[in-house]
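> I am attaching a structure below and will ask some questions about it afterwards.
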Amino acid sequence: MTSIFRLKKIPLLLGGLGISTLTLPAIAADWIVVPSVTLEQSYTDNALLTHDNQENESITLVRPGISLYREGAKAKVDINYAPEYRHYWEDTEDDELIHFLRGEGNVELMDEHLYLDGWASADLTNITSTGRTGIGGLTGRGASTEIYTAGLSPYFKSRFGSVSLFEARYTLDAVNYAEGGLDDSVGQRAELVLGSGPAFTNQVWEVSSMYSIVDYDTLNADNEVSQLRAEFIQQLVRQWAVAFAAGYENYNLALNDDIDGSLWSVGIIYTPNPRTRLALGGGERAFGDDYYLDFSHRSQRTIWTASYYRDATSARNELLHPTLFRRQDTFGNLVRDPVLENPPGLDREGSPTISAEYYILEQFNTRFTFTSGRTTLDLGAGHTKRNYELAVDDTQDVDGLVSLSRVISPRTIAFLRLNWNDHEEDALNYQESIATLGGRYQLGTNTLLAMRLAHLKRDAEIETESYDENSFSISLTATF
């Protein structure tokens, strides 16, 4: 339906032309099971994230975790769960139990024809785009809420000889928030796709139709979106291909003016070698101009990616599939225990204001990673714009990241990380930065000691919205 949808399909279309993409390595049908428990003690000098009258707080965290992974011929299961109990010794917040979950699965119900996808998640997100979030997500909890999502998606696939492939899919999903009055919702989506088969060696084509409806608890009307789309890719020479798309889309929205109209785009695909790919194009959608970019280049020690898309979407769509507990690292390798490798709260992306309203999302992201035997360097930047029907609600964020980690000894890793964000909107403009210095020491085969020292600074145009926070934490993790 969207530019996101199209960019996700580009690697599949390129795969039909024999162009390689990054994939998770094949894993034997054995369970990878990693249970763990983490005990963490944190200290902050600004528990309520206030401009003045700052209050100190000591926070104890107990986080048991479980990571399960299995990939077989007929089924795949990936579950990562880490409930986190937080005790605030100075009572600046209520003690609480927060659930962090990301579970996904796929099963083949009928040989090569009928399949079922399923997923569930639990996470934290800001309620508004200007919500205060402290270091590690332990402070400023009044501005955030727990979000729970779940979905089931049965689909049927069939071949018509070597000429074409057919897929019919139905998806049912739900989004719920722990905070009241935030419009819990249930969504349904139906898709039909007819695409080219292996008989087409220099062309890839696809015709698709989609209809989705989202029912919000507190609204009388639903968000309904439908789209009919055709795509065609023609290989010109070994390194170059051209891509075309055309169709029609219709948005009947609960809180926005309805939108409908034609869509079209023209693009190029450049693959000078199996390690480099560039897809670039533009056109129009029912809501205005449409551009996309998908770039990746990798070598033995580096990987560089960049992407841009423009789409009509909602906060629900953005929050439906969280990035919590990533199963792959930057190079596409399997992460055996995502709960330990990227624990909740340490690497959170900005989120939109929660509402049922649709808006135009423009997002550019780029990331460069270099790794040697002992050193890893990450550089990242992003630009996100959300354009609402009322211009006073528009937001713009510019983000940056520099991360350096170094293996000091076989048992010791040290890291330095700098994050910054420039946020602009009519309600509040601010610049925020976080500097983090830390390290990990392997006490034993199954025991890990970690420490982190961090400083957060937010400078806002409104003086009372500015604040600083300093935090120190030490944790002990045991795996079984």
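Lettering and numbering for the structure tokens are positional, with chains as A, B, ... in the shown order, residues counted from 1 in each chain, and ligands counted from 1 in the shown order.
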Which residues, written as a list in words, have at least one atom at most 9 Å from Ile408 in chain A, with only C-alpha atoms counted and residues fewer than 5 positions away on the same chain left out?

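After dropping sequence-adjacent residues, the list is Arg374, Ile413 and Ala414 of chain A.
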
> Where in range 302-418 of chain A does DSSP assign alpha helix (DSSP H), given as a PyMOL selection string?

chain A and resi 315-319+338-341

> Store the residues of this selection in a file with C-alpha atoms, as a CSV table (one decimal), in the first residue's frame.


chain,number,residue,atom,x,y,z
A,315,ALA,CA,0.9,6.4,14.9
A,316,ARG,CA,-0.7,3.0,15.1
A,317,ASN,CA,1.1,1.9,12.0
A,318,GLU,CA,4.5,3.2,13.2
A,319,LEU,CA,4.2,1.5,16.6
A,338,PRO,CA,18.8,-10.4,21.9
A,339,VAL,CA,17.7,-9.8,25.5
A,340,LEU,CA,21.3,-9.5,26.7
A,341,GLU,CA,22.7,-7.9,23.5

> Could you list, with a cut-off of 12 Å and counting only C-alpha atoms, the residues of range 410-464 of chain A near range 32-55 of chain A, each shown with its nearest atom pair and the distance in Å rounded to one decimal, rows sorted by chain and ascending number, as CSV?


residue,atom,partner,partner_atom,distance
A:Asn446,CA,A:Ser36,CA,9.2
A:Thr447,CA,A:Ser36,CA,9.6
A:Leu448,CA,A:Thr38,CA,9.2
A:Leu449,CA,A:Thr38,CA,9.7
A:Ala450,CA,A:Glu40,CA,9.0
A:Met451,CA,A:Glu40,CA,9.4
A:Arg452,CA,A:Ser42,CA,9.1
A:Leu453,CA,A:Tyr43,CA,9.7
A:Ala454,CA,A:Thr44,CA,9.5
A:His455,CA,A:Thr44,CA,9.8
A:Leu456,CA,A:Leu49,CA,10.0
A:Lys457,CA,A:Leu49,CA,10.1
A:Arg458,CA,A:His51,CA,9.6
A:Asp459,CA,A:His51,CA,10.0
A:Ala460,CA,A:His51,CA,10.4
A:Ile462,CA,A:His51,CA,10.3
A:Glu463,CA,A:His51,CA,7.6
A:Thr464,CA,A:His51,CA,5.4

> Using only N, CA, C and O atoms, please write the residues we just selected to a file, as a PDB file, in the first residue's frame.


ATOM      1  N   ASN A 446      29.322 -17.856  32.644  1.00  0.00           N
ATOM      2  CA  ASN A 446      27.915 -17.496  32.560  1.00  0.00           C
ATOM      3  C   ASN A 446      27.560 -16.255  33.372  1.00  0.00           C
ATOM      4  O   ASN A 446      26.390 -16.035  33.667  1.00  0.00           O
ATOM      5  N   THR A 447      28.562 -15.473  33.746  1.00  0.00           N
ATOM      6  CA  THR A 447      28.311 -14.307  34.594  1.00  0.00           C
ATOM      7  C   THR A 447      28.955 -13.068  33.994  1.00  0.00           C
ATOM      8  O   THR A 447      30.129 -13.087  33.613  1.00  0.00           O
ATOM      9  N   LEU A 448      28.187 -11.983  33.928  1.00  0.00           N
ATOM     10  CA  LEU A 448      28.646 -10.753  33.296  1.00  0.00           C
ATOM     11  C   LEU A 448      28.408  -9.572  34.225  1.00  0.00           C
ATOM     12  O   LEU A 448      27.319  -9.401  34.777  1.00  0.00           O
ATOM     13  N   LEU A 449      29.434  -8.736  34.400  1.00  0.00           N
ATOM     14  CA  LEU A 449      29.342  -7.507  35.180  1.00  0.00           C
ATOM     15  C   LEU A 449      29.404  -6.320  34.227  1.00  0.00           C
ATOM     16  O   LEU A 449      30.283  -6.256  33.363  1.00  0.00           O
ATOM     17  N   ALA A 450      28.464  -5.376  34.370  1.00  0.00           N
ATOM     18  CA  ALA A 450      28.425  -4.216  33.476  1.00  0.00           C
ATOM     19  C   ALA A 450      28.241  -2.938  34.285  1.00  0.00           C
ATOM     20  O   ALA A 450      27.579  -2.933  35.327  1.00  0.00           O
ATOM     21  N   MET A 451      28.840  -1.841  33.798  1.00  0.00           N
ATOM     22  CA  MET A 451      28.690  -0.536  34.421  1.00  0.00           C
ATOM     23  C   MET A 451      28.434   0.506  33.349  1.00  0.00           C
ATOM     24  O   MET A 451      28.920   0.381  32.216  1.00  0.00           O
ATOM     25  N   ARG A 452      27.668   1.549  33.717  1.00  0.00           N
ATOM     26  CA  ARG A 452      27.340   2.594  32.747  1.00  0.00           C
ATOM     27  C   ARG A 452      27.241   3.933  33.455  1.00  0.00           C
ATOM     28  O   ARG A 452      26.565   4.067  34.483  1.00  0.00           O
ATOM     29  N   LEU A 453      27.912   4.933  32.913  1.00  0.00           N
ATOM     30  CA  LEU A 453      27.833   6.313  33.391  1.00  0.00           C
ATOM     31  C   LEU A 453      27.296   7.161  32.241  1.00  0.00           C
ATOM     32  O   LEU A 453      27.834   7.106  31.129  1.00  0.00           O
ATOM     33  N   ALA A 454      26.236   7.946  32.492  1.00  0.00           N
ATOM     34  CA  ALA A 454      25.596   8.679  31.400  1.00  0.00           C
ATOM     35  C   ALA A 454      25.184  10.075  31.842  1.00  0.00           C
ATOM     36  O   ALA A 454      24.890  10.318  33.014  1.00  0.00           O
ATOM     37  N   HIS A 455      25.166  10.981  30.857  1.00  0.00           N
ATOM     38  CA  HIS A 455      24.734  12.364  31.087  1.00  0.00           C
ATOM     39  C   HIS A 455      23.757  12.750  29.990  1.00  0.00           C
ATOM     40  O   HIS A 455      24.042  12.595  28.800  1.00  0.00           O
ATOM     41  N   LEU A 456      22.592  13.253  30.391  1.00  0.00           N
ATOM     42  CA  LEU A 456      21.562  13.713  29.465  1.00  0.00           C
ATOM     43  C   LEU A 456      21.358  15.210  29.654  1.00  0.00           C
ATOM     44  O   LEU A 456      21.297  15.693  30.790  1.00  0.00           O
ATOM     45  N   LYS A 457      21.225  15.938  28.545  1.00  0.00           N
ATOM     46  CA  LYS A 457      20.970  17.379  28.596  1.00  0.00           C
ATOM     47  C   LYS A 457      19.934  17.734  27.554  1.00  0.00           C
ATOM     48  O   LYS A 457      20.083  17.405  26.378  1.00  0.00           O
ATOM     49  N   ARG A 458      18.856  18.397  28.001  1.00  0.00           N
ATOM     50  CA  ARG A 458      17.841  18.909  27.070  1.00  0.00           C
ATOM     51  C   ARG A 458      17.757  20.420  27.223  1.00  0.00           C
ATOM     52  O   ARG A 458      17.492  20.927  28.311  1.00  0.00           O
ATOM     53  N   ASP A 459      17.993  21.128  26.110  1.00  0.00           N
ATOM     54  CA  ASP A 459      17.850  22.583  26.048  1.00  0.00           C
ATOM     55  C   ASP A 459      16.603  22.906  25.237  1.00  0.00           C
ATOM     56  O   ASP A 459      16.540  22.611  24.045  1.00  0.00           O
ATOM     57  N   ALA A 460      15.617  23.520  25.878  1.00  0.00           N
ATOM     58  CA  ALA A 460      14.355  23.846  25.227  1.00  0.00           C
ATOM     59  C   ALA A 460      14.161  25.349  25.185  1.00  0.00           C
ATOM     60  O   ALA A 460      14.713  26.099  26.000  1.00  0.00           O
ATOM     61  N   ILE A 462      11.481  26.851  25.933  1.00  0.00           N
ATOM     62  CA  ILE A 462      10.798  27.160  27.189  1.00  0.00           C
ATOM     63  C   ILE A 462      11.705  26.705  28.320  1.00  0.00           C
ATOM     64  O   ILE A 462      12.017  25.525  28.441  1.00  0.00           O
ATOM     65  N   GLU A 463      12.151  27.641  29.159  1.00  0.00           N
ATOM     66  CA  GLU A 463      13.175  27.342  30.150  1.00  0.00           C
ATOM     67  C   GLU A 463      12.779  26.194  31.071  1.00  0.00           C
ATOM     68  O   GLU A 463      13.598  25.333  31.395  1.00  0.00           O
ATOM     69  N   THR A 464      11.506  26.153  31.479  1.00  0.00           N
ATOM     70  CA  THR A 464      11.080  25.113  32.414  1.00  0.00           C
ATOM     71  C   THR A 464      11.045  23.725  31.786  1.00  0.00           C
ATOM     72  O   THR A 464      10.919  22.727  32.497  1.00  0.00           O
TER      73      THR A 464
END

> Restricting the calculation to only C-alpha atoms: of A:Ala391, A:Ala221, A:Ala230, A:Leu182, which residue gets closest to Trp205 in chain A?

A:Ala230

> Write out as a PyMOL selection string which residues come within 10 Å of Gln239 in chain A when counting only C-alpha atoms, dropping same-chain ones fewer than 5 positions away.

chain A and resi 19+269-274+277

> I'd like to know which of A:Arg102, A:His297, A:Ser355, A:Trp31 is closest to Ala254 in chain A, using only C-alpha atoms.

A:Ser355

> Calculated over only C-alpha atoms, which of the candidates A:Ser405, A:Tyr211, A:Ser144, A:Trp304 has the smallest distance to Thr130 in chain A?

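The answer is A:Ser144, which sits nearest to Thr130 in chain A.
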
> Pull the closest atom pair for each residue of range 63-162 of chain A that gets at most 12 Å from range 167-171 of chain A, along with the distance in Å to one decimal, counting only C-alpha atoms, ordering rows by chain and then ascending residue number, as CSV.


residue,atom,partner,partner_atom,distance
A:Glu112,CA,A:Glu167,CA,11.5
A:His113,CA,A:Glu167,CA,9.1
A:Leu114,CA,A:Ala168,CA,9.7
A:Tyr115,CA,A:Arg169,CA,9.4
A:Leu116,CA,A:Arg169,CA,9.5
A:Asp117,CA,A:Thr171,CA,8.9
A:Gly118,CA,A:Thr171,CA,9.4
A:Trp119,CA,A:Thr171,CA,11.1
A:Ala150,CA,A:Thr171,CA,10.6
A:Gly151,CA,A:Thr171,CA,7.1
A:Leu152,CA,A:Thr171,CA,5.9
A:Ser153,CA,A:Thr171,CA,4.2
A:Pro154,CA,A:Tyr170,CA,5.8
A:Tyr155,CA,A:Arg169,CA,4.1
A:Phe156,CA,A:Ala168,CA,5.2
A:Lys157,CA,A:Glu167,CA,4.5
A:Ser158,CA,A:Glu167,CA,6.6
A:Arg159,CA,A:Glu167,CA,9.0
A:Phe160,CA,A:Glu167,CA,11.3

> Would you save the residues of that selection, restricted to all heavy atoms, as a compact mmCIF listing (two decimals), in the first residue's frame?


# COMPACT_ATOMS: atom_id res chain seq x y z
N GLU A 112 3.59 -26.27 1.06
CA GLU A 112 3.85 -25.30 0.00
C GLU A 112 2.62 -24.47 -0.38
O GLU A 112 2.64 -23.80 -1.42
CB GLU A 112 4.40 -26.00 -1.25
CG GLU A 112 5.73 -26.70 -1.01
CD GLU A 112 6.28 -27.31 -2.28
OE1 GLU A 112 5.58 -27.26 -3.32
OE2 GLU A 112 7.41 -27.85 -2.23
N HIS A 113 1.58 -24.46 0.48
CA HIS A 113 0.38 -23.70 0.12
C HIS A 113 -0.13 -22.82 1.26
O HIS A 113 -0.29 -21.62 1.08
CB HIS A 113 -0.73 -24.65 -0.36
CG HIS A 113 -0.50 -25.21 -1.71
ND1 HIS A 113 -0.47 -24.44 -2.85
CD2 HIS A 113 -0.28 -26.49 -2.12
CE1 HIS A 113 -0.24 -25.20 -3.92
NE2 HIS A 113 -0.13 -26.45 -3.50
N LEU A 114 -0.43 -23.40 2.41
CA LEU A 114 -1.10 -22.66 3.48
C LEU A 114 -0.14 -22.44 4.64
O LEU A 114 0.46 -23.39 5.15
CB LEU A 114 -2.33 -23.42 3.97
CG LEU A 114 -3.22 -22.71 4.98
CD1 LEU A 114 -3.77 -21.40 4.40
CD2 LEU A 114 -4.36 -23.62 5.44
N TYR A 115 -0.03 -21.17 5.08
CA TYR A 115 0.91 -20.77 6.13
C TYR A 115 0.19 -19.89 7.14
O TYR A 115 -0.88 -19.33 6.87
CB TYR A 115 2.10 -20.00 5.54
CG TYR A 115 2.87 -20.74 4.49
CD1 TYR A 115 2.43 -20.78 3.16
CD2 TYR A 115 4.06 -21.40 4.80
CE1 TYR A 115 3.14 -21.45 2.19
CE2 TYR A 115 4.78 -22.07 3.83
CZ TYR A 115 4.32 -22.09 2.52
OH TYR A 115 5.04 -22.76 1.56
N LEU A 116 0.82 -19.73 8.31
CA LEU A 116 0.29 -18.86 9.35
C LEU A 116 1.42 -18.11 10.01
O LEU A 116 2.37 -18.72 10.52
CB LEU A 116 -0.48 -19.67 10.41
CG LEU A 116 -1.03 -18.88 11.60
CD1 LEU A 116 -2.10 -17.88 11.13
CD2 LEU A 116 -1.57 -19.80 12.67
N ASP A 117 1.35 -16.77 9.99
CA ASP A 117 2.26 -15.90 10.74
C ASP A 117 1.56 -15.45 12.01
O ASP A 117 0.35 -15.23 12.03
CB ASP A 117 2.65 -14.66 9.93
CG ASP A 117 3.61 -14.97 8.80
OD1 ASP A 117 4.27 -16.02 8.86
OD2 ASP A 117 3.69 -14.16 7.86
N GLY A 118 2.34 -15.26 13.08
CA GLY A 118 1.80 -14.72 14.32
C GLY A 118 2.85 -13.92 15.04
O GLY A 118 4.04 -14.16 14.88
N TRP A 119 2.42 -12.93 15.81
CA TRP A 119 3.38 -12.11 16.55
C TRP A 119 2.69 -11.47 17.76
O TRP A 119 1.47 -11.35 17.83
CB TRP A 119 3.99 -11.02 15.66
CG TRP A 119 3.01 -10.00 15.18
CD1 TRP A 119 2.67 -8.82 15.79
CD2 TRP A 119 2.23 -10.06 13.99
NE1 TRP A 119 1.73 -8.14 15.06
CE2 TRP A 119 1.44 -8.89 13.95
CE3 TRP A 119 2.12 -10.98 12.96
CZ2 TRP A 119 0.56 -8.63 12.91
CZ3 TRP A 119 1.24 -10.73 11.93
CH2 TRP A 119 0.48 -9.56 11.90
N ALA A 150 -0.55 -7.54 19.04
CA ALA A 150 -0.63 -8.96 18.70
C ALA A 150 -1.29 -9.08 17.34
O ALA A 150 -2.09 -8.22 16.94
CB ALA A 150 -1.43 -9.74 19.75
N GLY A 151 -0.95 -10.15 16.62
CA GLY A 151 -1.54 -10.33 15.31
C GLY A 151 -1.43 -11.76 14.82
O GLY A 151 -0.54 -12.51 15.23
N LEU A 152 -2.37 -12.12 13.94
CA LEU A 152 -2.37 -13.41 13.24
C LEU A 152 -2.59 -13.13 11.76
O LEU A 152 -3.40 -12.27 11.39
CB LEU A 152 -3.46 -14.33 13.76
CG LEU A 152 -3.26 -14.97 15.13
CD1 LEU A 152 -4.52 -15.72 15.55
CD2 LEU A 152 -2.06 -15.90 15.12
N SER A 153 -1.86 -13.87 10.91
CA SER A 153 -1.95 -13.62 9.48
C SER A 153 -1.85 -14.94 8.71
O SER A 153 -0.74 -15.37 8.36
CB SER A 153 -0.85 -12.65 9.03
OG SER A 153 -0.95 -12.35 7.67
N PRO A 154 -2.97 -15.59 8.42
CA PRO A 154 -2.93 -16.76 7.54
C PRO A 154 -2.81 -16.32 6.08
O PRO A 154 -3.38 -15.29 5.68
CB PRO A 154 -4.27 -17.45 7.80
CG PRO A 154 -5.17 -16.34 8.26
CD PRO A 154 -4.30 -15.34 8.98
N TYR A 155 -2.08 -17.11 5.29
CA TYR A 155 -1.97 -16.78 3.88
C TYR A 155 -1.80 -18.04 3.04
O TYR A 155 -1.29 -19.06 3.51
CB TYR A 155 -0.85 -15.78 3.60
CG TYR A 155 0.54 -16.21 4.02
CD1 TYR A 155 1.46 -16.70 3.09
CD2 TYR A 155 0.95 -16.09 5.34
CE1 TYR A 155 2.74 -17.07 3.46
CE2 TYR A 155 2.24 -16.45 5.72
CZ TYR A 155 3.12 -16.95 4.78
OH TYR A 155 4.39 -17.31 5.16
N PHE A 156 -2.25 -17.94 1.79
CA PHE A 156 -2.25 -19.06 0.85
C PHE A 156 -1.37 -18.68 -0.34
O PHE A 156 -1.48 -17.58 -0.89
CB PHE A 156 -3.67 -19.36 0.38
CG PHE A 156 -3.75 -20.43 -0.66
CD1 PHE A 156 -3.75 -21.77 -0.31
CD2 PHE A 156 -3.82 -20.10 -2.01
CE1 PHE A 156 -3.82 -22.76 -1.28
CE2 PHE A 156 -3.89 -21.08 -2.99
CZ PHE A 156 -3.90 -22.42 -2.62
N LYS A 157 -0.49 -19.60 -0.74
CA LYS A 157 0.40 -19.37 -1.88
C LYS A 157 0.23 -20.49 -2.89
O LYS A 157 0.02 -21.66 -2.53
CB LYS A 157 1.86 -19.31 -1.41
CG LYS A 157 2.15 -18.20 -0.44
CD LYS A 157 3.55 -18.29 0.13
CE LYS A 157 4.63 -18.05 -0.90
NZ LYS A 157 5.98 -17.99 -0.29
N SER A 158 0.35 -20.13 -4.16
CA SER A 158 0.23 -21.14 -5.22
C SER A 158 1.04 -20.70 -6.43
O SER A 158 1.30 -19.51 -6.62
CB SER A 158 -1.24 -21.33 -5.60
OG SER A 158 -1.38 -22.36 -6.56
N ARG A 159 1.44 -21.69 -7.24
CA ARG A 159 2.16 -21.43 -8.49
C ARG A 159 1.28 -21.79 -9.67
O ARG A 159 0.52 -22.76 -9.61
CB ARG A 159 3.43 -22.28 -8.56
CG ARG A 159 4.54 -21.86 -7.62
CD ARG A 159 5.71 -22.83 -7.75
NE ARG A 159 6.84 -22.41 -6.96
CZ ARG A 159 7.85 -21.67 -7.42
NH1 ARG A 159 7.84 -21.27 -8.69
NH2 ARG A 159 8.86 -21.34 -6.64
N PHE A 160 1.40 -21.02 -10.73
CA PHE A 160 0.79 -21.37 -12.00
C PHE A 160 1.93 -21.73 -12.95
O PHE A 160 2.38 -20.92 -13.77
CB PHE A 160 -0.05 -20.21 -12.54
CG PHE A 160 -1.20 -19.85 -11.64
CD1 PHE A 160 -1.11 -18.75 -10.79
CD2 PHE A 160 -2.35 -20.61 -11.64
CE1 PHE A 160 -2.17 -18.42 -9.95
CE2 PHE A 160 -3.42 -20.28 -10.79
CZ PHE A 160 -3.32 -19.19 -9.95

> Taking 2 positions as the minimum chain separation for residues in the same chain, which residues sit within 7 Å of Glu424 in chain A when counting only C-alpha atoms? Answer as a PyMOL selection string.

chain A and resi 395-397+422+428-430

> Can I get the selected residues back with C-alpha atoms, as a PDB file, in the first residue's frame?


ATOM      1  CA  THR A 395       7.051  17.812  13.869  1.00  0.00           C
ATOM      2  CA  GLN A 396      10.612  17.560  12.609  1.00  0.00           C
ATOM      3  CA  ASP A 397      13.494  15.574  14.141  1.00  0.00           C
ATOM      4  CA  ASP A 422      16.996  18.301  17.426  1.00  0.00           C
ATOM      5  CA  LEU A 428       8.043  22.915  21.818  1.00  0.00           C
ATOM      6  CA  ASN A 429      11.496  23.088  20.256  1.00  0.00           C
ATOM      7  CA  TYR A 430      14.445  21.450  21.996  1.00  0.00           C
TER       8      TYR A 430
END

> Report the residues of range 76-141 of chain A whose backbone DSSP state falls under strand (DSSP E), written as number ranges by chain.

A: 76-81, 84-88, 96-98, 101-110, 114-126

> May I have the residues within 10 Å of range 326-337 of chain A as a PyMOL selection string, using only C-alpha atoms and disregarding those fewer than 3 positions away in the same chain?

chain A and resi 22-27+32-36+65-69+78-80+102+298-305+322-323+340-343+367-371+378

> Quick one: distance from CA of Leu443 in chain A to CA of Arg406 in chain A in Å, one decimal?

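About the pair CA of Leu443 in chain A and CA of Arg406 in chain A: they are 17.7 Å apart.
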
> From the set A:Asn387, A:Thr445, A:Ser466, A:Ser403, which residue has the shortest atom-to-atom contact distance to Gly288 in chain A, counting only C-alpha atoms?

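So, comparing all the options, the nearest one is A:Asn387.
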
> Under the rule that only C-alpha atoms are counted, which of A:Ser471, A:Asn365, A:Asn223, A:Thr375 is the nearest residue to Leu401 in chain A?

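Among the listed residues, the smallest separation from Leu401 in chain A belongs to A:Asn365.
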
> What does the distance between CA of Leu418 in chain A and CA of Gln431 in chain A come to in Å, to one decimal place?

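Rounded to one decimal, the two atoms are 13.5 Å apart.
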